[in-house]
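> Sharing a structure, written as structure tokens. Questions coming.
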Amino acid sequence: MASYFLRRFLYSILTIFLIATVTFFMMHSIPGGPFTRERPVPDEIMRVLNEKYNLDAPLYEQYYDYMKGLITFDFGPSFSKIGTSVNDLISSGFPRTAKVGALACLLIVAVGIPIGIISALKQNRPIDYTVMFMATLGVTIPSFVLATIIIFFFAGKLGWIPSFGLETWRSYLGPVLALSGYSLSFVARLTRSSMLEVLRQDYVRTARANGLKELSVIGKHAVKNAIIPVITYMGPTVAAIMTGSFVIERIFAIPGIGRYFVESVSNRDYTTIMAITVLYASFYVIMVLLVDVAYALVDPRIRFEKETH
Amino acid sequence: MSTLLEVKNLKTSFFTHLGEIQAVRGASFTLNQGEVLGIVGESGSGKSVTALSVMGLIEEPGKIKEGEILFEGQDLTRYSNSQMSELRGNEISMIFQDPMTSLNPVYTIQNQMVEVLRRHQKIGKAEARKRAIEMLRLVGIPEPEKRIKNYPHEFSGGMRQRVMIANALSCGPKLLIADEPTTALDVTIQAQILDLMNELKERINAAIILITHDLGVIAEVCDHIVVMYGGSIMETGTEKDIFYNPQHPYTNGLHKSIPKMTTEQKSRLIPIRGTPPDLLHPPAGCPFSARCPHTMAVCLEDAPPTYGISDTQTSACWLMDEKAPKVDNYVSGGKGIE
């Protein structure tokens, strides 16, 4: 088991390295650069800028320099915010993004799974129809529409929540709800269908035939089996939500890192593009690894290595 | 011997969107303490639904429409689900057809057995574990102290069925219902499981209802046999009655369709032609009338009453009526069974 995880860890690092490499060359292949403006910049100024940031060196040299920095977690200077390093940008923005993201993930799991279970237990009853109607809405309504509606009603009309920033606990309500809307609905639907499948299984009938209380039949015997697809879905979802959303952070005016996903690319802010990509890739790889660990904990039939070699 | 279970005129239906499927249409039988009753019939004859009705495990959209299930004199059809759950696994246990899927794959055998024991017997974890190990030893699991920590997927099919039996018997039930316990197993394993049940029958002092579509299985274990068809009981009798003196054309048809090892010359099997009745629109008369070689006008119109043939044997067939013509050769059909 330990050697399996060591191997997986090394593969993860390799994966991140490859992603960083591909991203590096892809972004440099886009025309323009960090200092290209609509009005042409005088050649002399351009030359000095490029020289200062070492952008006039051959690409392989820039790549080598960048990777050298990356190993020591130095993401370099920001091209759009002159004078600040990308490390500073990330370390000031990421905690805010992560806080909203973590709350959203918590909400997805704590609400999505229970309502999915209830819905399955009350299949084809009014409560099931209501939940599934809401969940279908949640999956189909785009996050920017949901965020705008939340701002319009709860911040504007009713004035229950602030419309921007993260000053009080109330200000988290809007972004957390808007950020979790889609995944929460999806998890509810996923849990419901998985539960319906599991409730038909023979071992659930056995649990009932053994006279176990309904709470144990559902809570112990059915749920643990039904949760596996939800775990699969939650891995990448957590990675995506924890690194923020451009739309949500824009609408709720949260100074997080979500906006860099779009802004850095349009600004050709090379170092920020790289940092954001590496951060997201790392999160993703870690989550996928955690999902595999969770599988093994939930389902004993999944083992990482053959016992005999 | 006193009566343990008495099923009276049981009618169980499933109310689907197509209409009412009458899975069991008035089944009556009794089971004495310590006795083994076989229920035999083809798929869709209502044997499993009868068993699930006794267990109180008929799920939506199914419903026990009519009848009584008297267990030690108490009518189980009046019990609430939580009252029934006190009995299930404790007084009445059940094992199922497919041992591969009947145990929860994500919990160890110990976890599952201890849970049942602690649910019904007021004992601690260590005591429950000790008893679970004893039960596993009784059903022939080697090294039970070690094996109890395993997960279901670490057992073979036959071993899993042994675990199921150990689990079902762990609380010392008065009645064990075995629904096709050997159907999903290899023939050699089938024989082992039947031997085990035969052996346990002596030791545990529980009455057993053995449900199967396989007359061969029934012959080895059962004292009494109920033959079901189309949701109704066709014939009842002792093992001898059913095998050597079958009175109902359906029982007879079953015998003729079984290959015999003892036949000297080559002979064809005689299948029962046709298909079982549609229980969504069950026939007005005898359910077997459409396939019976001796159908009379009355068979199509009215369901036959149950005729007593001897103290132990009954047959629901109009041929038993005194006004019915004597049918010669059909009784002899059973003689080929040795």
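Chains: A, B, ... in order of the structure tokens. Residues: from 1 per chain. Ligands: from 1, in order shown.
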Within 7 Å of chain A, which residues belong to chain B? Use only C-alpha atoms and report them as a ChimeraX atom specification.

/B:85-89,93-94,101-104,106,116,119,153

> Considering only C-alpha atoms, return as a list in words whatever protein or nucleic-acid residues lie within 9 Å of stretch 52-69 of chain A, sequence-local ones (same chain, fewer than 2 positions apart) excluded.

Phe17, Ala20, Thr21, Phe24, Phe25, His28, Arg47, Val48, Leu49, Asn50, Ile71, Thr72, Phe73, Asp74, Phe75, Gly76, Pro77, Phe79 and Thr271 of chain A

> Please produce a file of those selected residues containing C-alpha atoms, as a PDB file, in the first residue's frame.


ATOM      1  CA  PHE A  17       5.536  18.752 -14.721  1.00  0.00           C
ATOM      2  CA  ALA A  20       3.380  22.860 -16.872  1.00  0.00           C
ATOM      3  CA  THR A  21       5.547  22.141 -19.917  1.00  0.00           C
ATOM      4  CA  PHE A  24       4.319  26.912 -21.169  1.00  0.00           C
ATOM      5  CA  PHE A  25       4.835  26.263 -24.859  1.00  0.00           C
ATOM      6  CA  HIS A  28       4.021  31.256 -25.822  1.00  0.00           C
ATOM      7  CA  ARG A  47      13.130  46.110 -26.074  1.00  0.00           C
ATOM      8  CA  VAL A  48      13.924  47.295 -22.556  1.00  0.00           C
ATOM      9  CA  LEU A  49      10.843  45.650 -21.073  1.00  0.00           C
ATOM     10  CA  ASN A  50      11.541  42.355 -22.810  1.00  0.00           C
ATOM     11  CA  ILE A  71      10.952  23.616  -8.292  1.00  0.00           C
ATOM     12  CA  THR A  72      11.516  26.072  -5.437  1.00  0.00           C
ATOM     13  CA  PHE A  73       7.873  27.243  -5.709  1.00  0.00           C
ATOM     14  CA  ASP A  74       8.984  30.603  -7.093  1.00  0.00           C
ATOM     15  CA  PHE A  75       6.380  31.579  -9.671  1.00  0.00           C
ATOM     16  CA  GLY A  76       8.218  34.720 -10.733  1.00  0.00           C
ATOM     17  CA  PRO A  77       7.092  38.350 -11.083  1.00  0.00           C
ATOM     18  CA  PHE A  79       3.507  40.955 -15.698  1.00  0.00           C
ATOM     19  CA  THR A 271       3.754  33.824 -15.004  1.00  0.00           C
TER      20      THR A 271
END

> Near B:Lys130, counting only C-alpha atoms, which residues have an atom at most 9 Å away, once you skip same-chain residues fewer than 5 positions from it, shown as a list in words?

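Near neighbours after the sequence-gap exclusion: Lys125, Met135 and Glu145 of chain B.
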
> Just to be explicit: take each residue in the selection above, keep N, CA and C atoms, and write the result as a CSV table (one decimal), in the first residue's frame.


chain,number,residue,atom,x,y,z
B,125,LYS,N,-20.7,-7.4,22.3
B,125,LYS,CA,-20.0,-7.6,21.0
B,125,LYS,C,-19.1,-8.9,21.1
B,135,MET,N,-21.4,-20.6,14.9
B,135,MET,CA,-22.3,-20.8,13.8
B,135,MET,C,-21.5,-21.1,12.5
B,145,GLU,N,-12.4,-18.6,13.1
B,145,GLU,CA,-11.9,-17.4,13.8
B,145,GLU,C,-11.2,-16.5,12.8

> Quick one: everything within 7 Å of stretch 66-82 of chain B, counting only C-alpha atoms, minus sequence neighbours fewer than 3 positions away in the same chain. Send it as number ranges by chain.

B: 4-11, 54, 85-86

> Have a look at A:Tyr182, A:Phe252, A:Phe154, A:Phe144 and name the one nearest to A:Leu166; count only C-alpha atoms.

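Selected residue with least distance to A:Leu166: A:Phe252.
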
> So which residues touch stretch 57-64 of chain B within 6 Å, counting only C-alpha atoms, skipping near sequence neighbours fewer than 6 positions away, as a PDB file with N, CA and C atoms, in the first residue's frame?


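Heads up, here's the output in around_0.pdb:
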ATOM      1  N   LYS B  11     -53.647 -14.328  -0.357  1.00  0.00           N
ATOM      2  CA  LYS B  11     -53.710 -13.708  -1.690  1.00  0.00           C
ATOM      3  C   LYS B  11     -52.803 -12.496  -1.692  1.00  0.00           C
ATOM      4  N   THR B  12     -51.760 -12.536  -2.498  1.00  0.00           N
ATOM      5  CA  THR B  12     -50.834 -11.404  -2.596  1.00  0.00           C
ATOM      6  C   THR B  12     -50.805 -10.924  -4.041  1.00  0.00           C
ATOM      7  N   SER B  13     -50.962  -9.621  -4.193  1.00  0.00           N
ATOM      8  CA  SER B  13     -50.990  -9.050  -5.542  1.00  0.00           C
ATOM      9  C   SER B  13     -50.011  -7.897  -5.644  1.00  0.00           C
ATOM     10  N   PHE B  14     -49.589  -7.622  -6.873  1.00  0.00           N
ATOM     11  CA  PHE B  14     -48.754  -6.453  -7.141  1.00  0.00           C
ATOM     12  C   PHE B  14     -49.563  -5.500  -8.003  1.00  0.00           C
ATOM     13  N   PHE B  15     -49.743  -4.296  -7.483  1.00  0.00           N
ATOM     14  CA  PHE B  15     -50.566  -3.327  -8.202  1.00  0.00           C
ATOM     15  C   PHE B  15     -49.667  -2.455  -9.064  1.00  0.00           C
TER      16      PHE B  15
END

> Could you pull the residues within 8 Å of B:Asn150, counting only C-alpha atoms, minus those fewer than 3 positions along the same chain, as a list in words?

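Counting only the stated atoms, we get Thr108, Ile109, Gln110, Lys146, Arg147 and Glu154 of chain B.
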
> Could you write out, as a count of residues only, all the residues of stretch 76-221 of chain A that DSSP marks as alpha helix (DSSP H)?

95

> Tell me, as an mmCIF file with N, CA and C atoms, in the first residue's frame, which residues lie within 7 Å of stretch 314-318 of chain B, counting only C-alpha atoms; anything in the same chain fewer than 3 positions away does not count.


data_model
loop_
_atom_site.group_PDB
_atom_site.id
_atom_site.type_symbol
_atom_site.label_atom_id
_atom_site.label_comp_id
_atom_site.auth_asym_id
_atom_site.auth_seq_id
_atom_site.Cartn_x
_atom_site.Cartn_y
_atom_site.Cartn_z
ATOM 1 N N MET B 234 -51.585 -26.674 -6.294
ATOM 2 C CA MET B 234 -52.172 -27.724 -7.118
ATOM 3 C C MET B 234 -52.326 -29.005 -6.322
ATOM 4 N N GLU B 235 -51.258 -29.357 -5.631
ATOM 5 C CA GLU B 235 -51.280 -30.626 -4.936
ATOM 6 C C GLU B 235 -50.405 -30.529 -3.696
ATOM 7 N N THR B 236 -50.825 -31.193 -2.627
ATOM 8 C CA THR B 236 -49.966 -31.294 -1.456
ATOM 9 C C THR B 236 -49.886 -32.750 -1.045
ATOM 10 N N GLY B 237 -48.815 -33.107 -0.394
ATOM 11 C CA GLY B 237 -48.697 -34.493 0.060
ATOM 12 C C GLY B 237 -47.342 -34.732 0.667
ATOM 13 N N GLN B 247 -51.375 -37.150 -8.026
ATOM 14 C CA GLN B 247 -52.757 -37.165 -8.464
ATOM 15 C C GLN B 247 -53.082 -36.033 -9.419
ATOM 16 N N HIS B 248 -52.308 -34.977 -9.382
ATOM 17 C CA HIS B 248 -52.644 -33.814 -10.206
ATOM 18 C C HIS B 248 -51.917 -33.891 -11.547
ATOM 19 N N CYS B 299 -63.307 -27.229 -16.132
ATOM 20 C CA CYS B 299 -61.983 -26.716 -15.776
ATOM 21 C C CYS B 299 -61.801 -25.277 -16.234
ATOM 22 N N PRO B 304 -61.048 -25.447 -9.493
ATOM 23 C CA PRO B 304 -61.408 -26.670 -8.779
ATOM 24 C C PRO B 304 -61.255 -26.498 -7.268
ATOM 25 N N PRO B 305 -62.109 -27.164 -6.497
ATOM 26 C CA PRO B 305 -61.900 -27.165 -5.049
ATOM 27 C C PRO B 305 -60.741 -28.097 -4.712
ATOM 28 N N THR B 306 -60.296 -28.054 -3.467
ATOM 29 C CA THR B 306 -59.220 -28.946 -3.056
ATOM 30 C C THR B 306 -59.817 -30.244 -2.530
ATOM 31 N N TYR B 307 -59.492 -31.342 -3.198
ATOM 32 C CA TYR B 307 -60.022 -32.648 -2.796
ATOM 33 C C TYR B 307 -59.028 -33.362 -1.895
ATOM 34 N N GLY B 308 -59.503 -33.874 -0.793
ATOM 35 C CA GLY B 308 -58.646 -34.691 0.046
ATOM 36 C C GLY B 308 -58.537 -36.084 -0.556
ATOM 37 N N ILE B 309 -57.330 -36.578 -0.704
ATOM 38 C CA ILE B 309 -57.153 -37.905 -1.291
ATOM 39 C C ILE B 309 -56.849 -38.918 -0.207
ATOM 40 N N ASP B 321 -63.203 -35.242 -8.766
ATOM 41 C CA ASP B 321 -64.639 -35.209 -8.492
ATOM 42 C C ASP B 321 -65.255 -36.546 -8.877
ATOM 43 N N ALA B 324 -66.345 -36.986 -12.417
ATOM 44 C CA ALA B 324 -65.347 -36.918 -13.479
ATOM 45 C C ALA B 324 -65.075 -38.302 -14.063
#

> How many Å separate atom CA of B:Lys47 from atom CA of B:Ile211?

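Atom CA of B:Lys47 sits 6.7 Å away from atom CA of B:Ile211.
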
> Quick one: pull the distance between atom CA of A:Pro114 and atom CA of A:Leu146, Å, one decimal.

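So the two atoms, atom CA of A:Pro114 and atom CA of A:Leu146, lie 22.3 Å apart.
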